[in-house]
file upload33.txt (compact mmCIF, C-alpha atoms)
# COMPACT_ATOMS: atom_id res chain seq x y z
CA MET N 60 25.76 51.28 59.80
CA ASN N 61 22.66 50.18 61.69
CA ASN N 62 20.55 52.17 59.20
CA ASN N 63 21.33 49.66 56.47
CA ILE N 64 20.34 46.48 58.26
CA ILE N 65 16.67 46.43 57.23
CA PRO N 66 17.28 47.48 53.58
CA THR N 67 19.98 44.81 53.34
CA LEU N 68 17.58 42.26 54.73
CA ALA N 69 14.97 43.43 52.21
CA LEU N 70 17.49 43.07 49.38
CA ALA N 71 18.44 39.62 50.62
CA VAL N 72 14.78 38.57 50.75
CA ALA N 73 14.25 39.96 47.24
CA LEU N 74 17.24 38.01 45.99
CA GLY N 75 16.05 34.93 47.81
CA ILE N 76 12.61 35.17 46.23
CA GLY N 77 14.16 35.59 42.80
CA LEU N 78 16.67 32.80 43.15
CA ALA N 79 14.58 30.34 45.12
CA TYR N 80 11.21 30.72 43.47
CA VAL N 81 10.93 32.99 40.39
CA MET N 82 13.88 31.70 38.37
CA PRO N 83 13.43 27.97 39.12
CA THR N 84 9.72 28.22 38.38
CA TRP N 85 10.31 29.88 34.98
CA SER N 86 13.03 27.46 33.97
CA GLY N 87 11.23 24.48 35.49
CA SER N 88 7.53 23.99 35.59
CA ILE N 89 6.57 27.00 33.41
CA SER N 90 9.02 26.04 30.70
CA SER N 91 7.97 22.36 30.70
CA THR N 92 4.27 23.24 30.80
CA ARG N 93 4.70 25.57 27.83
CA THR N 94 6.50 22.80 25.93
CA VAL N 95 3.69 20.38 26.71
CA ILE N 96 1.06 22.95 25.66
CA ALA N 97 2.92 23.59 22.39
CA ALA N 98 3.00 19.83 21.72
CA ASP N 99 -0.68 19.58 22.60
CA ASP N 100 -1.45 22.44 20.20
CA GLN N 101 0.40 20.63 17.44
CA ALA N 102 -1.48 17.42 18.19
CA LEU N 103 -4.79 19.29 18.21
CA ALA N 104 -3.95 20.89 14.86
CA ALA N 105 -3.14 17.43 13.50
CA ALA N 106 -6.41 16.09 14.92
CA THR N 107 -8.30 18.90 13.20
CA THR N 108 -6.54 18.17 9.92
CA TYR N 109 -7.30 14.48 10.37
CA ALA N 110 -10.99 15.16 11.02
CA THR N 111 -11.19 17.31 7.88
CA GLN N 112 -9.45 14.69 5.76
CA GLN N 113 -11.59 11.91 7.21
CA ASN N 114 -14.72 13.82 6.23
CA GLU N 115 -13.34 14.40 2.72
CA LEU N 116 -12.39 10.73 2.35
CA ALA N 117 -15.75 9.57 3.66
CA ALA N 118 -17.48 11.84 1.15
CA ALA N 119 -15.28 10.48 -1.66
CA ARG N 120 -15.97 6.89 -0.62
CA ASN N 121 -19.71 7.51 -0.35
CA ALA N 122 -19.62 8.92 -3.88
CA ILE N 123 -18.52 5.51 -5.18
CA ASP N 124 -21.38 3.23 -6.18
CA PRO N 125 -21.67 0.42 -3.55
CA ALA N 126 -21.99 -2.09 -6.41
CA ASP N 127 -18.60 -0.93 -7.74
CA LEU N 128 -17.08 -1.28 -4.26
CA ALA N 129 -18.47 -4.83 -4.09
CA ARG N 130 -16.97 -5.61 -7.50
CA LEU N 131 -13.66 -4.17 -6.34
CA ALA N 132 -13.76 -6.37 -3.23
CA ALA N 133 -14.50 -9.40 -5.43
CA LEU N 134 -11.62 -8.46 -7.76
CA LEU N 135 -9.15 -8.37 -4.90
CA PRO N 136 -10.64 -10.14 -1.86
CA ASP N 137 -9.43 -9.93 1.73
CA SER N 138 -8.52 -13.61 1.97
CA VAL N 139 -6.89 -16.26 -0.21
CA ASP N 140 -10.02 -18.47 -0.33
CA ASN N 141 -8.39 -20.82 -2.83
CA VAL N 142 -10.94 -23.55 -2.07
CA GLY N 143 -13.82 -21.34 -3.15
CA LEU N 144 -11.83 -20.35 -6.21
CA ILE N 145 -11.18 -23.97 -7.17
CA LEU N 146 -14.93 -24.64 -6.95
CA ASP N 147 -15.57 -21.64 -9.20
CA LEU N 148 -12.89 -22.76 -11.68
CA ASN N 149 -14.37 -26.25 -11.71
CA ALA N 150 -17.80 -24.82 -12.47
CA LEU N 151 -16.33 -22.60 -15.20
CA ALA N 152 -14.48 -25.57 -16.71
CA ALA N 153 -17.70 -27.61 -16.73
CA ARG N 154 -19.58 -24.77 -18.46
CA SER N 155 -16.76 -24.47 -21.01
CA GLY N 156 -16.72 -28.19 -21.75
CA LEU N 157 -13.35 -28.71 -20.15
CA SER N 158 -12.71 -31.47 -17.67
CA LEU N 159 -10.44 -30.49 -14.76
CA ALA N 160 -8.25 -33.37 -13.70
CA ASN N 161 -6.00 -32.04 -11.00
CA VAL N 162 -5.72 -28.80 -9.06
CA ASP N 163 -2.91 -27.94 -6.69
CA VAL N 164 -1.44 -24.91 -4.92
CA LEU N 165 2.20 -24.25 -5.76
CA THR N 166 3.64 -23.04 -2.48
CA THR N 167 7.14 -22.84 -3.96
CA SER N 168 6.06 -20.78 -6.95
CA PRO N 169 7.78 -17.46 -7.79
CA ALA N 170 4.53 -15.67 -7.07
CA ALA N 171 4.30 -17.22 -3.60
CA ALA N 172 7.99 -16.49 -2.87
CA ALA N 173 7.64 -12.87 -3.97
CA SER N 174 4.44 -12.59 -1.98
CA ALA N 175 6.12 -13.93 1.17
CA SER N 176 9.25 -11.78 0.85
CA ALA N 177 7.50 -8.51 0.06
CA GLY N 178 6.64 -7.41 3.57
CA THR N 179 5.31 -4.02 2.56
CA ASN N 180 3.35 -5.23 -0.46
CA PRO N 181 -0.33 -5.27 0.51
CA VAL N 182 -1.08 -7.85 -2.17
CA GLY N 183 -0.45 -11.54 -1.66
CA SER N 184 -0.31 -13.97 -4.57
CA VAL N 185 -0.02 -17.68 -5.09
CA ASP N 186 0.02 -19.97 -8.12
CA LEU N 187 -2.54 -22.69 -8.75
CA SER N 188 -1.53 -25.56 -10.97
CA LEU N 189 -4.30 -27.30 -12.83
CA SER N 190 -4.53 -29.87 -15.55
CA ALA N 191 -7.47 -30.33 -17.83
CA VAL N 192 -8.67 -32.23 -20.85
CA GLY N 193 -10.89 -30.88 -23.60
CA THR N 194 -11.20 -29.50 -27.09
CA TYR N 195 -9.39 -26.44 -28.35
CA SER N 196 -12.57 -24.36 -28.39
CA SER N 197 -13.30 -25.43 -24.80
CA LEU N 198 -9.88 -24.17 -23.78
CA VAL N 199 -10.43 -20.81 -25.45
CA THR N 200 -13.86 -20.49 -23.79
CA PHE N 201 -12.32 -21.41 -20.43
CA LEU N 202 -9.49 -18.89 -20.88
CA HIS N 203 -12.00 -16.15 -21.76
CA GLY N 204 -13.90 -17.00 -18.58
CA VAL N 205 -10.76 -16.89 -16.43
CA GLU N 206 -9.63 -13.61 -17.96
CA LYS N 207 -12.97 -11.95 -17.33
CA SER N 208 -13.68 -13.52 -13.95
CA ARG N 209 -14.81 -11.24 -11.13
CA ARG N 210 -11.74 -12.27 -9.18
CA LEU N 211 -8.48 -11.24 -10.82
CA LEU N 212 -6.68 -14.30 -12.20
CA ASP N 213 -3.67 -14.44 -14.49
CA VAL N 214 -2.89 -17.55 -16.54
CA ARG N 215 0.89 -17.22 -16.61
CA ASP N 216 1.89 -20.58 -18.01
CA ILE N 217 0.12 -23.04 -20.25
CA VAL N 218 1.24 -26.28 -21.86
CA VAL N 219 -0.92 -27.81 -24.58
CA LYS N 220 -0.34 -31.36 -25.71
CA GLY N 221 -2.16 -32.47 -28.80
CA SER N 222 -3.69 -35.68 -29.90
CA ASP N 223 -5.22 -37.00 -33.10
CA THR N 224 -8.67 -37.12 -31.53
CA GLY N 225 -9.03 -33.34 -31.21
CA VAL N 226 -9.05 -33.57 -27.44
CA TYR N 227 -6.05 -31.92 -25.87
CA THR N 228 -4.37 -32.11 -22.50
CA TYR N 229 -3.67 -28.80 -20.80
CA GLN N 230 -1.42 -27.88 -17.92
CA MET N 231 -1.87 -24.36 -16.56
CA LYS N 232 -0.52 -22.15 -13.83
CA ILE N 233 -2.94 -19.53 -12.65
CA THR N 234 -1.85 -16.74 -10.31
CA LEU N 235 -4.46 -15.54 -7.86
CA TYR N 236 -4.25 -12.43 -5.72
CA TRP N 237 -5.67 -11.17 -2.47
CA LEU N 238 -5.32 -8.15 -0.24
CA ARG N 239 -3.47 -8.88 3.00
CA MET E 29 18.10 68.42 69.34
CA PRO E 30 15.63 66.44 71.40
CA ARG E 31 16.08 62.70 71.47
CA SER E 32 12.64 62.01 69.86
CA SER E 33 13.36 64.27 66.87
CA PHE E 34 16.69 62.54 66.32
CA ALA E 35 15.00 59.13 66.18
CA ALA E 36 12.43 60.38 63.64
CA VAL E 37 15.12 61.73 61.31
CA ARG E 38 17.03 58.49 61.60
CA GLN E 39 13.92 56.48 60.80
CA ARG E 40 13.11 58.67 57.73
CA ALA E 41 16.67 58.26 56.49
CA GLN E 42 16.17 54.51 56.61
CA PHE E 43 13.43 54.76 53.94
CA THR E 44 14.60 57.66 51.82
CA GLY E 45 18.30 57.05 51.27
CA GLY E 46 19.52 55.74 47.88
CA TYR E 47 20.47 52.26 49.02
CA PRO E 48 17.34 51.63 51.12
CA LEU E 49 15.12 52.84 48.32
CA PHE E 50 16.79 50.45 45.89
CA ALA E 51 16.53 47.58 48.38
CA TYR E 52 12.83 48.10 49.07
CA ALA E 53 12.08 48.57 45.38
CA ALA E 54 13.88 45.30 44.68
CA LEU E 55 11.84 43.59 47.36
CA VAL E 56 8.57 44.94 45.95
CA LEU E 57 9.65 43.91 42.45
CA ALA E 58 10.59 40.43 43.65
CA VAL E 59 7.25 39.99 45.40
CA VAL E 60 5.35 41.23 42.33
CA LEU E 61 7.38 38.92 40.09
CA ALA E 62 6.77 35.98 42.42
CA LEU E 63 3.03 36.65 42.48
CA GLY E 64 3.00 37.04 38.68
CA THR E 65 5.00 33.86 38.27
CA PHE E 66 2.66 31.96 40.55
CA ALA E 67 -0.39 33.26 38.71
CA TYR E 68 1.13 32.52 35.28
CA ASP E 69 2.09 29.01 36.44
CA ARG E 70 -1.49 28.40 37.55
CA VAL E 71 -2.88 29.78 34.27
CA LEU E 72 -0.54 27.53 32.28
CA ALA E 73 -1.51 24.51 34.38
CA GLY E 74 -5.17 25.29 33.68
CA MET E 75 -4.43 25.64 29.95
CA GLN E 76 -2.62 22.33 29.94
CA THR E 77 -5.52 20.60 31.66
CA SER E 78 -7.90 22.10 29.12
CA ARG E 79 -5.66 21.08 26.17
CA ASP E 80 -5.29 17.56 27.55
CA ALA E 81 -9.05 17.26 27.80
CA GLU E 82 -9.49 18.53 24.21
CA LEU E 83 -6.81 16.14 23.00
CA ALA E 84 -8.40 13.20 24.78
CA LYS E 85 -11.72 14.12 23.17
CA ALA E 86 -10.08 14.39 19.75
CA GLU E 87 -8.35 11.04 20.23
CA LYS E 88 -11.63 9.47 21.22
CA ALA E 89 -13.18 10.77 18.02
CA ILE E 90 -10.60 8.86 15.95
CA ASP E 91 -12.07 5.51 14.95
CA LEU E 92 -9.33 3.00 14.14
CA ALA E 93 -11.75 0.82 12.19
CA THR E 94 -12.56 3.77 9.91
CA ILE E 95 -8.84 4.39 9.30
CA GLU E 96 -8.30 0.69 8.56
CA GLY E 97 -11.20 0.85 6.13
CA PHE E 98 -9.69 3.82 4.30
CA ILE E 99 -6.25 2.19 4.13
CA GLN E 100 -7.78 -1.05 2.86
CA LEU E 101 -9.78 0.81 0.21
CA ARG E 102 -6.71 2.79 -0.88
CA ASN E 103 -4.62 -0.39 -1.13
CA ARG E 104 -7.40 -2.15 -3.01
CA LEU E 105 -7.77 0.70 -5.51
CA ASN E 106 -4.03 1.13 -6.08
CA SER E 107 -3.24 -2.59 -6.24
CA GLY E 108 -6.27 -3.28 -8.39
CA THR E 109 -5.15 -0.63 -10.87
CA THR E 110 -1.61 -2.02 -10.96
CA LEU E 111 -2.72 -5.62 -11.35
CA LEU E 112 -5.30 -4.80 -14.01
CA SER E 113 -2.69 -2.90 -16.02
CA SER E 114 -0.60 -6.09 -16.18
CA HIS E 115 -3.53 -8.50 -16.41
CA VAL E 116 -2.79 -11.27 -18.90
CA ALA E 117 -5.19 -12.61 -21.53
CA LEU E 118 -3.56 -15.60 -23.22
CA SER E 119 -6.70 -16.20 -25.27
CA GLY E 120 -5.47 -13.33 -27.45
CA PHE E 121 -2.56 -15.51 -28.51
CA PHE E 122 -4.81 -18.42 -29.46
CA THR E 123 -6.99 -16.11 -31.53
CA LEU E 124 -3.86 -14.83 -33.28
CA LEU E 125 -2.55 -18.36 -33.80
CA SER E 126 -5.82 -19.44 -35.42
CA SER E 127 -5.64 -16.55 -37.86
CA VAL E 128 -1.94 -16.84 -38.73
CA VAL E 129 -1.25 -20.57 -38.91
CA PRO E 130 -2.70 -22.27 -41.99
CA THR E 131 -4.49 -25.62 -41.80
CA THR E 132 -1.51 -27.28 -43.48
CA VAL E 133 0.47 -26.86 -40.28
CA ARG E 134 -0.47 -28.53 -37.01
CA LEU E 135 1.07 -27.89 -33.62
CA SER E 136 1.34 -31.03 -31.52
CA SER E 137 2.57 -29.30 -28.38
CA LEU E 138 2.75 -25.76 -27.18
CA HIS E 139 4.16 -24.06 -24.12
CA LEU E 140 3.42 -20.42 -23.35
CA SER E 141 5.04 -18.84 -20.32
CA LEU E 142 5.37 -15.40 -18.81
CA ASP E 143 8.55 -14.44 -17.03
CA ALA E 144 8.79 -11.97 -14.16
CA THR E 145 9.27 -9.04 -16.54
CA GLY E 146 6.04 -9.86 -18.39
CA LYS E 147 7.82 -11.22 -21.46
CA VAL E 148 5.91 -14.07 -23.10
CA ARG E 149 7.92 -17.02 -24.37
CA LEU E 150 6.56 -19.56 -26.81
CA GLU E 151 7.94 -23.06 -27.28
CA GLY E 152 6.27 -25.62 -29.44
CA ALA E 153 6.54 -28.52 -31.82
CA GLY E 154 4.45 -29.53 -34.78
CA VAL E 155 4.13 -31.02 -38.21
CA ALA E 156 3.77 -29.17 -41.53
CA ARG E 157 2.41 -30.81 -44.65
CA SER E 158 5.45 -29.65 -46.59
CA PHE E 159 8.40 -27.27 -46.45
CA ASN E 160 6.34 -24.77 -48.43
CA ALA E 161 3.63 -24.85 -45.76
CA LEU E 162 6.25 -24.25 -43.07
CA ALA E 163 7.75 -21.41 -45.10
CA ALA E 164 4.27 -19.89 -45.36
CA VAL E 165 3.95 -19.94 -41.56
CA SER E 166 7.37 -18.36 -41.15
CA THR E 167 6.41 -15.63 -43.63
CA ALA E 168 3.06 -15.11 -41.92
CA PHE E 169 4.77 -14.67 -38.55
CA ALA E 170 7.21 -12.17 -40.01
CA THR E 171 4.46 -10.25 -41.80
CA ASP E 172 2.20 -10.13 -38.77
CA GLY E 173 5.04 -9.01 -36.50
CA ARG E 174 3.39 -9.95 -33.22
CA ILE E 175 5.09 -13.34 -32.96
CA LYS E 176 8.70 -12.20 -32.78
CA ASP E 177 12.04 -13.95 -33.14
CA ALA E 178 10.36 -17.12 -34.42
CA ILE E 179 12.97 -19.83 -34.89
CA PHE E 180 12.02 -23.12 -36.52
CA SER E 181 14.48 -25.86 -35.61
CA ASN E 182 14.84 -29.67 -35.52
CA LEU E 183 13.43 -29.83 -39.03
CA VAL E 184 12.92 -33.47 -40.03
CA VAL E 185 11.34 -34.67 -43.25
CA ASN E 186 9.17 -37.66 -42.45
CA ARG E 187 8.48 -40.67 -44.67
CA ASP E 188 5.18 -39.15 -45.80
CA ASN E 189 7.04 -35.96 -46.81
CA THR E 190 5.59 -34.00 -43.91
CA VAL E 191 8.05 -31.87 -41.95
CA SER E 192 8.36 -32.06 -38.18
CA PHE E 193 9.69 -28.96 -36.47
CA SER E 194 10.28 -27.23 -33.19
CA LEU E 195 9.40 -23.59 -32.70
CA SER E 196 10.61 -20.97 -30.29
CA ALA E 197 9.50 -17.36 -30.29
CA THR E 198 8.56 -14.42 -28.14
CA LEU E 199 5.27 -12.60 -28.21
CA ASP E 200 4.51 -8.94 -28.45
CA PRO E 201 3.10 -8.19 -24.95
CA LYS E 202 0.16 -6.44 -26.64
CA VAL E 203 -1.05 -9.85 -27.88
CA VAL E 204 -1.71 -11.02 -24.33
CA ALA E 205 -2.65 -7.65 -22.84
CA PHE E 206 -6.14 -7.68 -21.37
CA THR E 207 -8.65 -5.27 -22.87
CA PRO E 208 -12.01 -5.07 -21.10

call {"tool": "encode", "arguments": {"input": "upload33.txt", "output": "structure tokens"}}
result
Amino acid sequence: MNNNIIPTLALAVALGIGLAYVMPTWSGSISSTRTVIAADDQALAAATTYATQQNELAAARNAIDPADLARLAALLPDSVDNVGLILDLNALAARSGLSLANVDVLTTSPAAAASASAGTNPVGSVDLSLSAVGTYSSLVTFLHGVEKSRRLLDVRDIVVKGSDTGVYTYQMKITLYWLR
Amino acid sequence: MPRSSFAAVRQRAQFTGGYPLFAYAALVLAVVLALGTFAYDRVLAGMQTSRDAELAKAEKAIDLATIEGFIQLRNRLNSGTTLLSSHVALSGFFTLLSSVVPTTVRLSSLHLSLDATGKVRLEGAGVARSFNALAAVSTAFATDGRIKDAIFSNLVVNRDNTVSFSLSATLDPKVVAFTP
């Protein structure tokens, strides 16, 4: 009977080591550390992919002519800048022989409403209302200028009222766009 | 048997019996496992520290301004393409009108408007020198085909035999489609 005391103690110590240290460590800190390392590995793989894609994108962007990028930025600018646009339109009208009488921003326009409601749409738009007086050929010249302007503008509504003098009155709605 | 020999046999039995052997083997195994677990835990902790450092370095390499720039460029390219594909050039209509409407017919007012679907609606009023002149316009519209569903209404013969009329029609979207 006494012969088994030490082996029993040894077995008890072995069990104690297993239950008190080995098993809790494997299911605790080792398991959680391995999970964290796996997540870190995934993140590192994503970071590597990102770095590769960033280099590819940078190469693609650098392949675009800077003048074209500038034209693209002018086509769809980062801000509304309707005041600058009105000045440009006024200058265009003067060159076309058209006299601008009144320019206003239509905040309740469909374009503005759609622009405000579309939260995910990166493009904002607003309508400008303007009235002008001039000859028919002046109007056509002005419209050509607006259509081919560096900044994208759409004349979406136009009212022409004639007169016997050959000078007409025009009412237009022009939609302008910008990148939010 | 001498007392000392008896004690030696008893001591040997303590280490060589089946149960004691199992117990000591279990103890050795438990100790080895505990040491292995400890070492593995330390190795994993070192790996985690190393991964965290790599991840922090990778995160630091990510420039948010560069990402913003790429997103902005992507949005500008995509939106620019979409907007240009629906860009409106109303001057095309005026060119068409000049070629289709004879000089015997004069429009005194005209309203062109685009709805949300891109459909162009035309409303107008004018005076024709005679019914024959008006019929010629109607035939010209039908022959050309780009001014669709043209309806002449409110026909009134004036004292000087001219004919006043109202006009409503829709336009083929190709007429006002922008071509660079």

call {"tool": "interface_residues", "arguments": {"input": "upload33.txt", "of": "chain N", "to": "chain E", "cutoff": "6 Å", "atoms": "all atoms listed in the file", "output": "PyMOL selection string"}}
result
chain N and resi 62+66+69-70+73+81+89+96+199+202+206+213+215-221

call {"tool": "write_last_selection", "arguments": {"input": "upload33.txt", "atoms": "C-alpha atoms", "output": "PDB file, keeping the file's coordinate frame"}}
result
ATOM      1  CA  ASN N  62      20.550  52.170  59.200  1.00  0.00           C
ATOM      2  CA  PRO N  66      17.280  47.480  53.580  1.00  0.00           C
ATOM      3  CA  ALA N  69      14.970  43.430  52.210  1.00  0.00           C
ATOM      4  CA  LEU N  70      17.490  43.070  49.380  1.00  0.00           C
ATOM      5  CA  ALA N  73      14.250  39.960  47.240  1.00  0.00           C
ATOM      6  CA  VAL N  81      10.930  32.990  40.390  1.00  0.00           C
ATOM      7  CA  ILE N  89       6.570  27.000  33.410  1.00  0.00           C
ATOM      8  CA  ILE N  96       1.060  22.950  25.660  1.00  0.00           C
ATOM      9  CA  VAL N 199     -10.430 -20.810 -25.450  1.00  0.00           C
ATOM     10  CA  LEU N 202      -9.490 -18.890 -20.880  1.00  0.00           C
ATOM     11  CA  GLU N 206      -9.630 -13.610 -17.960  1.00  0.00           C
ATOM     12  CA  ASP N 213      -3.670 -14.440 -14.490  1.00  0.00           C
ATOM     13  CA  ARG N 215       0.890 -17.220 -16.610  1.00  0.00           C
ATOM     14  CA  ASP N 216       1.890 -20.580 -18.010  1.00  0.00           C
ATOM     15  CA  ILE N 217       0.120 -23.040 -20.250  1.00  0.00           C
ATOM     16  CA  VAL N 218       1.240 -26.280 -21.860  1.00  0.00           C
ATOM     17  CA  VAL N 219      -0.920 -27.810 -24.580  1.00  0.00           C
ATOM     18  CA  LYS N 220      -0.340 -31.360 -25.710  1.00  0.00           C
ATOM     19  CA  GLY N 221      -2.160 -32.470 -28.800  1.00  0.00           C
TER      20      GLY N 221
END

call {"tool": "closest_residue", "arguments": {"input": "upload33.txt", "among": "E:Ser158, E:Thr171, E:Thr145, E:Ser113", "to": "E:Val128", "atoms": "all atoms listed in the file"}}
result
E:Thr171

call {"tool": "atom_distance", "arguments": {"input": "upload33.txt", "atom1": "atom CA of N:Leu211", "atom2": "atom CA of N:Ile233"}}
result
10.1 Å

call {"tool": "closest_residue", "arguments": {"input": "upload33.txt", "among": "N:Pro136, N:Gly156, N:Gly143, N:Gly75", "to": "N:Thr200", "atoms": "all atoms listed in the file"}}
result
N:Gly156

call {"tool": "atom_distance", "arguments": {"input": "upload33.txt", "atom1": "atom CA of E:Ala170", "atom2": "atom CA of E:Pro130"}}
result
14.3 Å

call {"tool": "residues_around", "arguments": {"input": "upload33.txt", "residues": "N:Ala117", "least_positions_apart": "3", "cutoff": "12 Å", "atoms": "only C-alpha atoms", "output": "PyMOL selection string"}}
result
(chain N and resi 109-114+120-123) or (chain E and resi 94-95+97-98+101)

call {"tool": "write_last_selection", "arguments": {"input": "upload33.txt", "atoms": "C-alpha atoms", "output": "tab-separated table (two decimals), in the coordinates of the input"}}
result
chain	number	residue	atom	x	y	z
N	109	TYR	CA	-7.30	14.48	10.37
N	110	ALA	CA	-10.99	15.16	11.02
N	111	THR	CA	-11.19	17.31	7.88
N	112	GLN	CA	-9.45	14.69	5.76
N	113	GLN	CA	-11.59	11.91	7.21
N	114	ASN	CA	-14.72	13.82	6.23
N	120	ARG	CA	-15.97	6.89	-0.62
N	121	ASN	CA	-19.71	7.51	-0.35
N	122	ALA	CA	-19.62	8.92	-3.88
N	123	ILE	CA	-18.52	5.51	-5.18
E	94	THR	CA	-12.56	3.77	9.91
E	95	ILE	CA	-8.84	4.39	9.30
E	97	GLY	CA	-11.20	0.85	6.13
E	98	PHE	CA	-9.69	3.82	4.30
E	101	LEU	CA	-9.78	0.81	0.21

call {"tool": "atom_distance", "arguments": {"input": "upload33.txt", "atom1": "atom CA of N:Ser196", "atom2": "atom CA of N:Ala152"}}
result
11.9 Å

call {"tool": "residues_near_point", "arguments": {"input": "upload33.txt", "point": "(-12.8, -21.9, -22.3)", "cutoff": "12 Å", "atoms": "only C-alpha atoms", "output": "MDAnalysis selection string"}}
result
(chainID N and resid 148:159 191:208 229) or (chainID E and resid 118:119 122)

call {"tool": "closest_residue", "arguments": {"input": "upload33.txt", "among": "E:Val133, E:Val155, E:Val60, E:Val165", "to": "E:Asn182", "atoms": "only C-alpha atoms"}}
result
E:Val155

call {"tool": "axis_aligned_box", "arguments": {"input": "upload33.txt", "around": "stretch 179-183 of chain E", "padding_each_side": "4 Å", "output": "AutoDock Vina command-line options"}}
result
--center_x 13.4 --center_y -24.8 --center_z -37.0 --size_x 10.8 --size_y 18.0 --size_z 12.1

call {"tool": "decode", "arguments": {"input": "upload33.txt", "residues": "stretch 50-67 of chain E", "atoms": "N, CA and C atoms", "output": "compact mmCIF listing (two decimals), in the first residue's frame"}}
result
# COMPACT_ATOMS: atom_id res chain seq x y z
N PHE E 50 3.76 3.74 -15.00
CA PHE E 50 2.75 4.56 -15.69
C PHE E 50 2.67 5.96 -15.09
N ALA E 51 2.70 5.99 -13.74
CA ALA E 51 2.56 7.27 -13.03
C ALA E 51 3.74 8.18 -13.32
N TYR E 52 4.96 7.61 -13.30
CA TYR E 52 6.15 8.45 -13.54
C TYR E 52 6.21 8.88 -15.01
N ALA E 53 5.80 7.95 -15.88
CA ALA E 53 5.78 8.32 -17.32
C ALA E 53 4.80 9.46 -17.56
N ALA E 54 3.65 9.38 -16.88
CA ALA E 54 2.65 10.44 -17.01
C ALA E 54 3.20 11.75 -16.50
N LEU E 55 3.93 11.69 -15.42
CA LEU E 55 4.51 12.92 -14.85
C LEU E 55 5.52 13.54 -15.83
N VAL E 56 6.39 12.63 -16.36
CA VAL E 56 7.40 13.14 -17.33
C VAL E 56 6.70 13.76 -18.54
N LEU E 57 5.66 13.04 -19.02
CA LEU E 57 4.92 13.54 -20.19
C LEU E 57 4.28 14.89 -19.90
N ALA E 58 3.70 15.00 -18.69
CA ALA E 58 3.04 16.26 -18.31
C ALA E 58 4.04 17.40 -18.25
N VAL E 59 5.22 17.10 -17.69
CA VAL E 59 6.24 18.16 -17.59
C VAL E 59 6.72 18.58 -18.98
N VAL E 60 6.94 17.53 -19.84
CA VAL E 60 7.39 17.85 -21.21
C VAL E 60 6.33 18.68 -21.93
N LEU E 61 5.07 18.25 -21.79
CA LEU E 61 3.97 18.99 -22.43
C LEU E 61 3.89 20.42 -21.92
N ALA E 62 4.07 20.57 -20.59
CA ALA E 62 3.99 21.92 -20.01
C ALA E 62 5.11 22.80 -20.54
N LEU E 63 6.33 22.20 -20.63
CA LEU E 63 7.46 22.98 -21.15
C LEU E 63 7.22 23.36 -22.62
N GLY E 64 6.71 22.35 -23.38
CA GLY E 64 6.43 22.60 -24.80
C GLY E 64 5.37 23.68 -24.97
N THR E 65 4.33 23.58 -24.12
CA THR E 65 3.25 24.56 -24.18
C THR E 65 3.77 25.96 -23.87
N PHE E 66 4.60 26.02 -22.84
CA PHE E 66 5.16 27.32 -22.46
C PHE E 66 6.00 27.91 -23.61
N ALA E 67 6.84 27.01 -24.19
CA ALA E 67 7.71 27.49 -25.28
C ALA E 67 6.87 27.93 -26.47
